[in-house]
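Shown next: upload-v3.tsv, containing TSV, C-alpha atoms and all ligand atoms.
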```
chain	number	residue	atom	x	y	z
A	1	MET	CA	-20.23	6.40	-82.28
A	2	LEU	CA	-21.34	3.11	-80.75
A	3	GLN	CA	-23.47	3.48	-77.66
A	4	VAL	CA	-24.27	0.58	-75.37
A	5	LYS	CA	-26.88	1.72	-72.89
A	6	ASN	CA	-27.95	-0.15	-69.79
A	7	LEU	CA	-27.68	-3.50	-71.55
A	8	GLN	CA	-29.04	-6.60	-69.90
A	9	PHE	CA	-29.10	-10.11	-71.35
A	10	GLY	CA	-29.42	-13.78	-70.39
A	11	TYR	CA	-29.61	-16.95	-72.52
A	12	ASN	CA	-32.22	-18.16	-70.06
A	13	LYS	CA	-33.68	-16.55	-66.94
A	14	ASN	CA	-30.19	-16.08	-65.46
A	15	HIS	CA	-28.52	-12.89	-66.57
A	16	VAL	CA	-25.10	-13.12	-68.23
A	17	LEU	CA	-24.79	-9.33	-68.55
A	18	ASP	CA	-26.43	-6.58	-66.57
A	19	LYS	CA	-26.24	-2.76	-66.54
A	20	VAL	CA	-23.50	-2.64	-69.17
A	21	ASN	CA	-22.79	0.89	-70.41
A	22	PHE	CA	-20.04	2.21	-72.66
A	23	THR	CA	-19.37	4.12	-75.86
A	24	VAL	CA	-16.88	3.68	-78.69
A	25	ASN	CA	-15.81	6.63	-80.84
A	26	PRO	CA	-14.88	6.43	-84.52
A	27	GLY	CA	-11.39	4.97	-84.89
A	28	GLU	CA	-11.16	3.98	-81.25
A	29	ASN	CA	-9.72	0.63	-80.16
A	30	ILE	CA	-11.57	-0.72	-77.12
A	31	ALA	CA	-10.52	-3.91	-75.36
A	32	ILE	CA	-12.97	-6.01	-73.39
A	33	ILE	CA	-11.19	-8.23	-70.96
A	34	GLY	CA	-12.52	-10.73	-68.45
A	35	GLU	CA	-12.15	-14.30	-67.35
A	36	SER	CA	-13.41	-17.14	-69.47
A	37	GLY	CA	-17.21	-17.21	-69.11
A	38	SER	CA	-17.48	-13.55	-68.08
A	39	GLY	CA	-19.59	-12.73	-71.14
A	40	LYS	CA	-17.13	-11.19	-73.59
A	41	SER	CA	-18.32	-13.19	-76.60
A	42	THR	CA	-21.94	-12.70	-75.60
A	43	LEU	CA	-21.42	-8.94	-75.51
A	44	LEU	CA	-19.87	-8.91	-79.00
A	45	LYS	CA	-22.71	-11.04	-80.36
A	46	LEU	CA	-25.27	-8.65	-78.87
A	47	ILE	CA	-23.50	-5.68	-80.45
A	48	PHE	CA	-23.58	-7.55	-83.76
A	49	GLY	CA	-27.33	-8.11	-83.40
A	50	GLU	CA	-27.19	-11.86	-83.00
A	51	TYR	CA	-29.56	-11.94	-80.02
A	52	ASP	CA	-32.41	-9.79	-78.72
A	53	LEU	CA	-31.57	-7.74	-75.64
A	54	GLY	CA	-33.37	-8.30	-72.36
A	55	HIS	CA	-33.13	-4.59	-71.59
A	56	GLY	CA	-31.31	-1.56	-72.88
A	57	GLN	CA	-30.27	-0.27	-76.26
A	58	ILE	CA	-27.36	-0.43	-78.69
A	59	LEU	CA	-26.85	2.32	-81.27
A	60	TRP	CA	-24.30	2.84	-84.04
A	61	LYS	CA	-24.65	6.51	-84.93
A	62	ASP	CA	-28.43	6.81	-85.46
A	63	THR	CA	-29.07	3.15	-86.22
A	64	GLU	CA	-30.44	0.99	-83.45
A	65	ILE	CA	-28.93	-2.50	-83.51
A	66	LEU	CA	-31.79	-4.96	-83.40
A	67	GLY	CA	-31.81	-8.69	-82.83
A	68	PRO	CA	-33.41	-11.53	-84.82
A	69	LYS	CA	-36.87	-10.69	-83.50
A	70	TYR	CA	-36.77	-7.56	-85.67
A	71	ASN	CA	-34.26	-8.44	-88.39
A	72	LEU	CA	-34.60	-11.30	-90.83
A	73	VAL	CA	-30.87	-11.23	-91.60
A	74	VAL	CA	-28.40	-10.78	-88.76
A	75	GLY	CA	-25.81	-8.03	-89.18
A	76	TYR	CA	-25.33	-4.62	-90.75
A	77	ASP	CA	-23.06	-3.46	-93.59
A	78	PHE	CA	-21.15	-1.02	-91.41
A	79	MET	CA	-20.16	-3.68	-88.91
A	80	LYS	CA	-18.09	-6.86	-89.22
A	81	TYR	CA	-17.57	-9.55	-86.65
A	82	VAL	CA	-14.81	-12.15	-86.46
A	83	ALA	CA	-16.12	-14.87	-84.16
A	84	GLN	CA	-14.09	-17.17	-81.96
A	85	GLU	CA	-15.24	-19.98	-84.27
A	86	PHE	CA	-14.67	-18.52	-87.73
A	87	ASP	CA	-16.54	-20.02	-90.65
A	88	LEU	CA	-14.67	-19.88	-93.92
A	89	MET	CA	-15.24	-21.68	-97.22
A	90	PRO	CA	-12.87	-24.65	-96.81
A	91	TYR	CA	-12.63	-25.72	-100.46
A	92	THR	CA	-11.87	-22.22	-101.72
A	93	THR	CA	-8.50	-20.45	-101.79
A	94	VAL	CA	-7.36	-17.81	-99.32
A	95	GLU	CA	-7.75	-15.01	-101.87
A	96	ASP	CA	-11.23	-16.11	-102.91
A	97	ASN	CA	-12.36	-16.25	-99.30
A	98	ILE	CA	-11.09	-12.74	-98.68
A	99	GLY	CA	-12.45	-11.29	-101.92
A	100	LYS	CA	-15.76	-13.13	-101.74
A	101	HIS	CA	-17.88	-10.11	-100.87
A	102	LEU	CA	-16.04	-7.62	-103.08
A	103	SER	CA	-17.76	-6.57	-106.26
A	104	ARG	CA	-16.78	-8.64	-109.29
A	105	PHE	CA	-17.70	-5.69	-111.49
A	106	TYR	CA	-14.42	-4.02	-110.59
A	107	PRO	CA	-11.94	-6.89	-111.00
A	108	GLU	CA	-8.83	-4.70	-110.78
A	109	GLU	CA	-9.98	-3.00	-107.59
A	110	LYS	CA	-10.97	-6.35	-106.16
A	111	GLU	CA	-7.58	-7.88	-106.91
A	112	LYS	CA	-5.68	-4.91	-105.46
A	113	ARG	CA	-7.73	-4.84	-102.30
A	114	THR	CA	-7.48	-8.60	-101.82
A	115	GLN	CA	-3.69	-8.52	-102.18
A	116	GLU	CA	-3.41	-5.57	-99.75
A	117	LEU	CA	-5.36	-7.49	-97.11
A	118	ILE	CA	-3.37	-10.69	-97.70
A	119	ARG	CA	-0.21	-8.67	-97.02
A	120	ILE	CA	-1.64	-7.23	-93.80
A	121	VAL	CA	-2.30	-10.70	-92.42
A	122	GLU	CA	1.01	-11.98	-93.86
A	123	LEU	CA	-0.43	-14.77	-96.00
A	124	SER	CA	1.03	-13.82	-99.40
A	125	ASP	CA	2.66	-17.25	-99.73
A	126	PHE	CA	-0.70	-18.93	-99.22
A	127	ALA	CA	-2.91	-16.81	-101.51
A	128	LYS	CA	-3.69	-19.78	-103.76
A	129	THR	CA	-3.95	-22.36	-100.97
A	130	LYS	CA	-7.33	-23.86	-100.13
A	131	VAL	CA	-8.46	-22.86	-96.66
A	132	LYS	CA	-8.96	-26.48	-95.59
A	133	ASN	CA	-5.19	-26.97	-95.87
A	134	LEU	CA	-4.33	-24.10	-93.51
A	135	SER	CA	-3.50	-24.27	-89.80
A	136	GLY	CA	-5.90	-22.82	-87.21
A	137	GLY	CA	-3.86	-19.65	-86.91
A	138	GLN	CA	-3.72	-19.14	-90.68
A	139	LYS	CA	-7.50	-19.58	-90.90
A	140	GLN	CA	-7.91	-16.97	-88.19
A	141	ARG	CA	-5.86	-14.55	-90.28
A	142	VAL	CA	-8.05	-15.22	-93.34
A	143	ALA	CA	-11.13	-14.49	-91.21
A	144	ILE	CA	-9.68	-11.13	-90.11
A	145	ALA	CA	-8.77	-10.15	-93.69
A	146	ARG	CA	-12.22	-11.12	-94.95
A	147	ALA	CA	-13.90	-8.99	-92.28
A	148	LEU	CA	-11.82	-6.00	-93.41
A	149	ALA	CA	-12.50	-6.51	-97.12
A	150	LYS	CA	-15.58	-4.33	-97.33
A	151	GLU	CA	-14.22	-1.56	-95.13
A	152	PRO	CA	-16.50	-1.74	-92.09
A	153	GLU	CA	-16.88	1.30	-89.84
A	154	ILE	CA	-16.62	-0.91	-86.79
A	155	LEU	CA	-14.98	-4.29	-86.36
A	156	LEU	CA	-15.71	-6.76	-83.57
A	157	LEU	CA	-12.86	-9.19	-82.89
A	158	ASP	CA	-13.25	-12.14	-80.54
A	159	GLU	CA	-9.85	-13.33	-79.30
A	160	PRO	CA	-8.46	-12.51	-82.74
A	161	PHE	CA	-4.93	-13.84	-82.31
A	162	SER	CA	-5.62	-16.80	-80.03
A	163	HIS	CA	-4.76	-19.45	-82.62
A	164	ILE	CA	-1.73	-17.64	-83.97
A	165	ASP	CA	1.72	-18.72	-82.84
A	166	ASN	CA	4.06	-16.40	-80.96
A	167	PHE	CA	6.41	-16.06	-83.93
A	168	LYS	CA	3.76	-14.15	-85.87
A	169	LYS	CA	1.52	-12.68	-83.19
A	170	GLN	CA	3.26	-9.41	-82.45
A	171	SER	CA	3.77	-8.34	-86.06
A	172	LEU	CA	0.19	-9.26	-86.94
A	173	ARG	CA	-1.18	-7.25	-84.07
A	174	ARG	CA	0.81	-4.25	-85.22
A	175	ASN	CA	-0.32	-4.69	-88.85
A	176	VAL	CA	-3.99	-5.12	-88.06
A	177	PHE	CA	-4.34	-2.47	-85.38
A	178	SER	CA	-2.37	0.16	-87.29
A	179	TYR	CA	-4.45	-0.57	-90.39
A	180	LEU	CA	-7.62	0.04	-88.34
A	181	LYS	CA	-6.25	3.31	-86.92
A	182	ALA	CA	-5.07	4.54	-90.32
A	183	ASN	CA	-8.54	3.89	-91.76
A	184	ASN	CA	-10.42	5.28	-88.74
A	185	ILE	CA	-12.18	1.95	-88.16
A	186	SER	CA	-13.48	1.47	-84.61
A	187	CYS	CA	-12.78	-1.87	-83.07
A	188	ILE	CA	-13.79	-3.84	-80.03
A	189	VAL	CA	-11.46	-6.66	-79.11
A	190	ALA	CA	-12.56	-9.32	-76.63
A	191	THR	CA	-9.50	-10.99	-75.15
A	192	HIS	CA	-7.82	-12.47	-72.12
A	193	ASP	CA	-4.37	-11.78	-73.54
A	194	LYS	CA	-2.76	-8.58	-72.26
A	195	ASN	CA	-0.58	-8.39	-75.37
A	196	ASP	CA	-3.70	-7.75	-77.46
A	197	VAL	CA	-4.36	-4.72	-75.26
A	198	LEU	CA	-1.18	-3.03	-74.03
A	199	GLY	CA	0.18	-0.78	-76.71
A	200	PHE	CA	-3.00	-0.88	-78.81
A	201	ALA	CA	-6.19	-0.22	-76.85
A	202	ASP	CA	-7.32	3.35	-76.23
A	203	GLU	CA	-9.49	2.09	-73.41
A	204	MET	CA	-9.94	-1.15	-71.55
A	205	LEU	CA	-13.22	-2.44	-70.09
A	206	VAL	CA	-13.05	-5.13	-67.43
A	207	LEU	CA	-16.05	-7.45	-67.44
A	208	HIS	CA	-16.68	-9.19	-64.13
A	209	LYS	CA	-19.79	-10.43	-62.36
A	210	LYS	CA	-22.01	-9.52	-65.31
A	211	THR	CA	-20.96	-5.90	-65.58
A	212	ILE	CA	-18.09	-3.51	-66.28
A	213	ILE	CA	-16.16	-3.06	-63.06
A	214	ALA	CA	-13.34	-0.92	-64.45
A	215	LYS	CA	-12.92	1.29	-67.48
A	216	ASP	CA	-9.81	3.33	-68.23
A	217	THR	CA	-6.69	3.43	-70.38
A	218	PRO	CA	-4.43	0.36	-70.09
A	219	GLN	CA	-1.75	2.62	-68.54
A	220	ASN	CA	-4.03	3.88	-65.78
A	221	LEU	CA	-5.46	0.46	-64.97
A	222	TYR	CA	-1.97	-1.02	-64.88
A	223	LYS	CA	-0.65	1.71	-62.58
A	224	ASN	CA	-3.64	1.64	-60.30
A	225	PRO	CA	-5.49	-1.67	-60.65
A	226	LYS	CA	-7.61	-1.22	-57.48
A	227	LEU	CA	-8.96	-4.78	-57.71
A	228	PRO	CA	-7.03	-8.09	-57.82
A	229	ILE	CA	-9.05	-9.19	-60.85
A	230	VAL	CA	-7.67	-6.21	-62.78
A	231	ALA	CA	-4.07	-6.72	-61.61
A	232	SER	CA	-4.20	-10.42	-62.47
A	233	PHE	CA	-4.75	-9.53	-66.12
A	234	PHE	CA	-1.37	-7.80	-66.29
A	235	GLU	CA	1.09	-9.89	-64.33
A	236	GLU	CA	1.91	-11.79	-61.14
A	237	PHE	CA	0.98	-9.74	-58.09
A	238	ASN	CA	0.58	-9.91	-54.31
A	239	VAL	CA	-1.89	-8.48	-51.86
A	240	ILE	CA	0.11	-7.25	-48.86
A	241	ASP	CA	-1.63	-5.15	-46.21
A	242	SER	CA	-4.57	-4.99	-48.62
A	243	GLN	CA	-2.34	-3.25	-51.18
A	244	ILE	CA	-1.85	-4.68	-54.65
A	245	ILE	CA	1.88	-5.06	-55.28
A	246	TYR	CA	3.20	-6.47	-58.57
A	247	ALA	CA	5.98	-9.04	-58.31
A	248	HIS	CA	8.41	-6.61	-59.98
A	249	GLN	CA	7.69	-3.96	-57.32
A	250	ILE	CA	9.18	-6.16	-54.61
A	251	LYS	CA	12.96	-5.92	-54.17
A	252	VAL	CA	15.22	-8.37	-52.42
A	253	VAL	CA	17.56	-6.41	-50.08
A	254	ASN	CA	20.31	-7.20	-47.57
A	255	HIS	CA	18.19	-6.31	-44.57
A	256	SER	CA	14.65	-5.17	-43.87
A	257	GLY	CA	11.82	-5.86	-41.47
A	258	LEU	CA	10.22	-8.23	-43.99
A	259	LYS	CA	11.60	-11.76	-44.20
A	260	ALA	CA	10.56	-14.62	-46.46
A	261	ILE	CA	11.75	-18.17	-47.16
A	262	VAL	CA	12.28	-19.16	-50.79
A	263	LYS	CA	10.00	-21.96	-51.97
A	264	GLN	CA	10.64	-22.11	-55.70
A	265	SER	CA	12.27	-20.16	-58.57
A	266	TYR	CA	10.70	-20.07	-62.03
A	267	PHE	CA	12.62	-18.93	-65.10
A	268	ASN	CA	10.70	-16.14	-66.76
A	269	GLY	CA	12.90	-14.94	-69.64
A	270	ASP	CA	14.26	-11.55	-68.62
A	271	SER	CA	13.87	-12.34	-64.90
A	272	TRP	CA	13.08	-15.10	-62.43
A	273	LEU	CA	9.84	-15.36	-60.53
A	274	ILE	CA	10.57	-16.29	-56.93
A	275	GLU	CA	7.84	-17.85	-54.86
A	276	ALA	CA	8.55	-17.35	-51.16
A	277	LEU	CA	6.72	-17.89	-47.89
A	278	PHE	CA	5.92	-14.72	-45.98
A	279	ASN	CA	3.67	-14.91	-42.90
A	280	GLU	CA	2.70	-18.43	-44.02
A	281	GLN	CA	1.54	-17.14	-47.37
A	282	SER	CA	3.10	-17.38	-50.80
A	283	ILE	CA	4.38	-14.11	-52.22
A	284	PHE	CA	5.85	-13.58	-55.67
A	285	ILE	CA	8.99	-11.58	-56.31
A	286	SER	CA	10.54	-10.77	-59.65
A	287	HIS	CA	14.31	-11.15	-59.34
A	288	ASN	CA	17.33	-11.13	-61.67
A	289	SER	CA	18.54	-14.60	-60.66
A	290	SER	CA	17.20	-17.81	-59.21
A	291	LEU	CA	17.39	-18.31	-55.43
A	292	ALA	CA	17.97	-21.56	-53.56
A	293	LYS	CA	15.02	-23.30	-52.01
A	294	GLY	CA	14.96	-22.68	-48.24
A	295	GLU	CA	17.07	-19.50	-48.51
A	296	LYS	CA	16.12	-16.63	-46.19
A	297	VAL	CA	15.53	-13.33	-48.04
A	298	TYR	CA	14.64	-9.83	-46.94
A	299	PHE	CA	12.52	-7.65	-49.13
A	300	THR	CA	10.97	-4.22	-49.48
A	301	PHE	CA	8.32	-2.77	-51.76
B	401	LIG	P1	-16.51	-15.45	-72.59
B	401	LIG	O1	-16.51	-15.13	-74.03
B	401	LIG	O2	-16.13	-14.28	-71.72
B	401	LIG	O3	-15.71	-16.66	-72.25
B	401	LIG	P2	-19.29	-16.15	-73.05
B	401	LIG	O4	-19.96	-14.90	-73.50
B	401	LIG	O5	-18.96	-17.15	-74.09
B	401	LIG	O6	-18.03	-15.79	-72.15
B	401	LIG	O7	-20.22	-16.86	-71.99
B	401	LIG	C1	-20.83	-16.16	-70.89
B	401	LIG	C2	-21.75	-17.10	-70.16
B	401	LIG	O8	-22.86	-17.43	-70.99
B	401	LIG	C3	-21.12	-18.42	-69.75
B	401	LIG	O9	-21.62	-18.77	-68.49
B	401	LIG	C4	-21.60	-19.37	-70.82
B	401	LIG	O10	-21.68	-20.67	-70.32
B	401	LIG	C5	-22.98	-18.83	-71.18
B	401	LIG	N1	-23.33	-19.08	-72.59
B	401	LIG	C6	-22.61	-18.73	-73.67
B	401	LIG	N2	-23.23	-19.07	-74.82
B	401	LIG	C7	-24.39	-19.67	-74.45
B	401	LIG	C8	-25.49	-20.25	-75.18
B	401	LIG	N3	-25.52	-20.24	-76.53
B	401	LIG	N4	-26.52	-20.76	-74.45
B	401	LIG	C9	-26.50	-20.72	-73.10
B	401	LIG	N5	-25.51	-20.21	-72.36
B	401	LIG	C10	-24.46	-19.68	-73.02
B	402	MG	MG	-15.47	-15.95	-75.61
```
Will you turn the file into structure tokens for me?
Ligand code: ADP
Ligand code: MG
Amino acid sequence: MLQVKNLQFGYNKNHVLDKVNFTVNPGENIAIIGESGSGKSTLLKLIFGEYDLGHGQILWKDTEILGPKYNLVVGYDFMKYVAQEFDLMPYTTVEDNIGKHLSRFYPEEKEKRTQELIRIVELSDFAKTKVKNLSGGQKQRVAIARALAKEPEILLLDEPFSHIDNFKKQSLRRNVFSYLKANNISCIVATHDKNDVLGFADEMLVLHKKTIIAKDTPQNLYKNPKLPIVASFFEEFNVIDSQIIYAHQIKVVNHSGLKAIVKQSYFNGDSWLIEALFNEQSIFISHNSSLAKGEKVYFTF
């Protein structure tokens, strides 16, 4: 189990993180979400042992994770980290990058394992391609496969699918996260993309103002976001009478006590997002068709 206890850290005298507490069980998938600059990457780097803590303690099982002040070489065998800026060997092929740290004394094992990982990240057609000739998203997939090569007990992923196009994203997420579950590998995913979280994370931590302001399953946080910052992660929402109401929870009806004037309709795939003026404020309504600008609509929620 990973334990993060009362963690505090700043790059200078200003704290980036303060009083951060959470645990991760074996095989658990934990998502850390937060706005850009909220400290997600910093938290992953601290867990990896890249910096010395200001205060607090990080433990994996009985091992205390220590920073560079105490460790000559950063990192531990049981933990792998895929950074936002991944560093691969550019002049080497995809399969050599992935197999780099596997023992060359067992060439058959090494080959089998490398090919398995290449399949998981869907790069079989590029096995012999030099990394420098890959796109950003393909490089990101090589970095993920390489981190998995030596079977870590815990994997830290920083925005792992951010460079990968939408055509591939969903199947890759399913491949990678089900591989981790099947092998009981814990993982912590820092992300601002809800699709990395919904359907995969056992628990979601919301990082805001240096600390964790919400911690629950994605389902519970979605159903009861409590704070606008949490709701905004999921979808378009409104605050009406200090209640958080998602756009899809508002219905346009023939008559009601609530009237709004349509400002704009945005096509949103399976629905339209209607922006309308209500009490001189914009509200957002999810609707099955577009509505004319200036049209009067009644709604309920
Ligand atoms: P996130 O990953 O959530 O976008 P980061 O952890 O990268 O956030 O950054 C958190 C804060 O720490 C930001 O204000 C950022 O500017 C600052 N920061 C990040 N890295 C460094 C660094 N190496 N030196 C100084 N400040 C940093
Ligand atoms: Mg980051």
Exercise for review: For atom CA of Asn195 of chain A and atom CA of Lys40 of chain A, quote the distance in Å rounded to one decimal.
Suggested key: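 Atom CA of Lys40 of chain A lies 16.9 Å from atom CA of Asn195 of chain A.
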Practice item. Give me the residues within 8 Å of Lys19 of chain A as a count of residues only, counting all atoms listed in the file and dropping any in the same chain fewer than 6 places off. Key: 5
Review point. Which is closer to Gly67 of chain A than all the others in A:Glu111, A:Glu159, A:Asp52, A:Glu85, using all atoms listed in the file?
Key: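 Between A:Glu111, A:Glu159, A:Asp52, A:Glu85, the residue approaching Gly67 of chain A most closely is A:Asp52.
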Check your understanding: What separation in Å, quoted to one decimal, exists between atom CA of Lys296 of chain A and atom CA of Tyr266 of chain A?
Key -> 17.1 Å
**Study point:** Within 9 Å of file point (-6.2, 0.2, -75.4), counting only C-alpha atoms, expressed as a PyMOL selection string
**Key:** chain A and resi 28-31+196-204+216-219
Review point. How would you write, as a ChimeraX atom specification, the set of residues no farther than 12 Å from ligand MG 402 (chain B) when counting all atoms listed in the file?
Key: /A:32-45,82-85,157-160,162,189-192,207
Taking all atoms of ligand LIG 401 (chain B) that appear in the file, build a box with edges along x, y and z, extend it by 6 Å on every side, and state its centre and edge lengths in Å to one decimal, as AutoDock Vina command-line options.
```
--center_x -21.1 --center_y -17.5 --center_z -72.5 --size_x 22.8 --size_y 18.5 --size_z 20.0
```
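All polymer residues at most 7 Å from (-1.9, -10.0, -69.6), using all atoms listed in the file, appear as His192, Asp193, Lys194, Asn195, Phe233, Phe234 and Glu235 of chain A.
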The selected residues should be written to file as a tab-separated table (two decimals), in the coordinates of the input (atoms: C-alpha atoms).
```tsv
chain	number	residue	atom	x	y	z
A	192	HIS	CA	-7.82	-12.47	-72.12
A	193	ASP	CA	-4.37	-11.78	-73.54
A	194	LYS	CA	-2.76	-8.58	-72.26
A	195	ASN	CA	-0.58	-8.39	-75.37
A	233	PHE	CA	-4.75	-9.53	-66.12
A	234	PHE	CA	-1.37	-7.80	-66.29
A	235	GLU	CA	1.09	-9.89	-64.33
```
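Coordinates place atom CA of Asn21 of chain A at a distance of 9.6 Å from atom CA of Gln57 of chain A.
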Review point. Using only C-alpha atoms, which residues sit within 9 Å of segment 95-106 of chain A once same-chain residues fewer than 6 positions away are excluded, as a list in words?
Key: Leu88, Met89, Arg113, Thr114, Gln115, Leu117, Ile118, Phe126, Ala127, Lys128, Thr129, Val131, Val142, Ala143, Ile144, Ala145, Arg146, Ala147, Leu148, Ala149 and Lys150 of chain A
**Study point:** Proximity to ligand LIG 401 (chain B) - best of A:Val206, A:Val73, A:Val24, A:Leu59, all atoms listed in the file
**Key:**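 Of all the options, A:Val206 lies closest to ligand LIG 401 (chain B).
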Exercise for review: Using all atoms listed in the file, find the one residue out of A:Ile261, A:Ile240, A:Leu17, A:Ile188 that sits nearest to ligand LIG 401 (chain B).
Suggested key: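 Answer, going by the shortest atom-to-atom distance: A:Leu17.
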**Study point:** Who sits within 12 Å of Ser135 of chain A, only C-alpha atoms, same chain under 3 positions skipped, as a ChimeraX atom specification
**Key:** /A:90,123,126,129-132,138-142,163-165
Exercise for review: Mind checking which residues fall within 10 Å of Gly75 of chain A, counting only C-alpha atoms, ignoring those fewer than 3 positions away in the same chain, and posting them as a list in words?
Suggested key: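 The residues satisfying every condition are Lys45, Ile47, Phe48, Gly49, Glu50, Ile65, Leu66, Gly67, Pro68, Asn71, Leu72, Phe78, Met79, Lys80 and Tyr81 of chain A.
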Exercise for review: For Val252 of chain A, work out the shell of residues within 7 Å, counting only C-alpha atoms and skipping chain neighbours fewer than 5 positions away, then give it as a PyMOL selection string.
Suggested key: chain A and resi 297-300
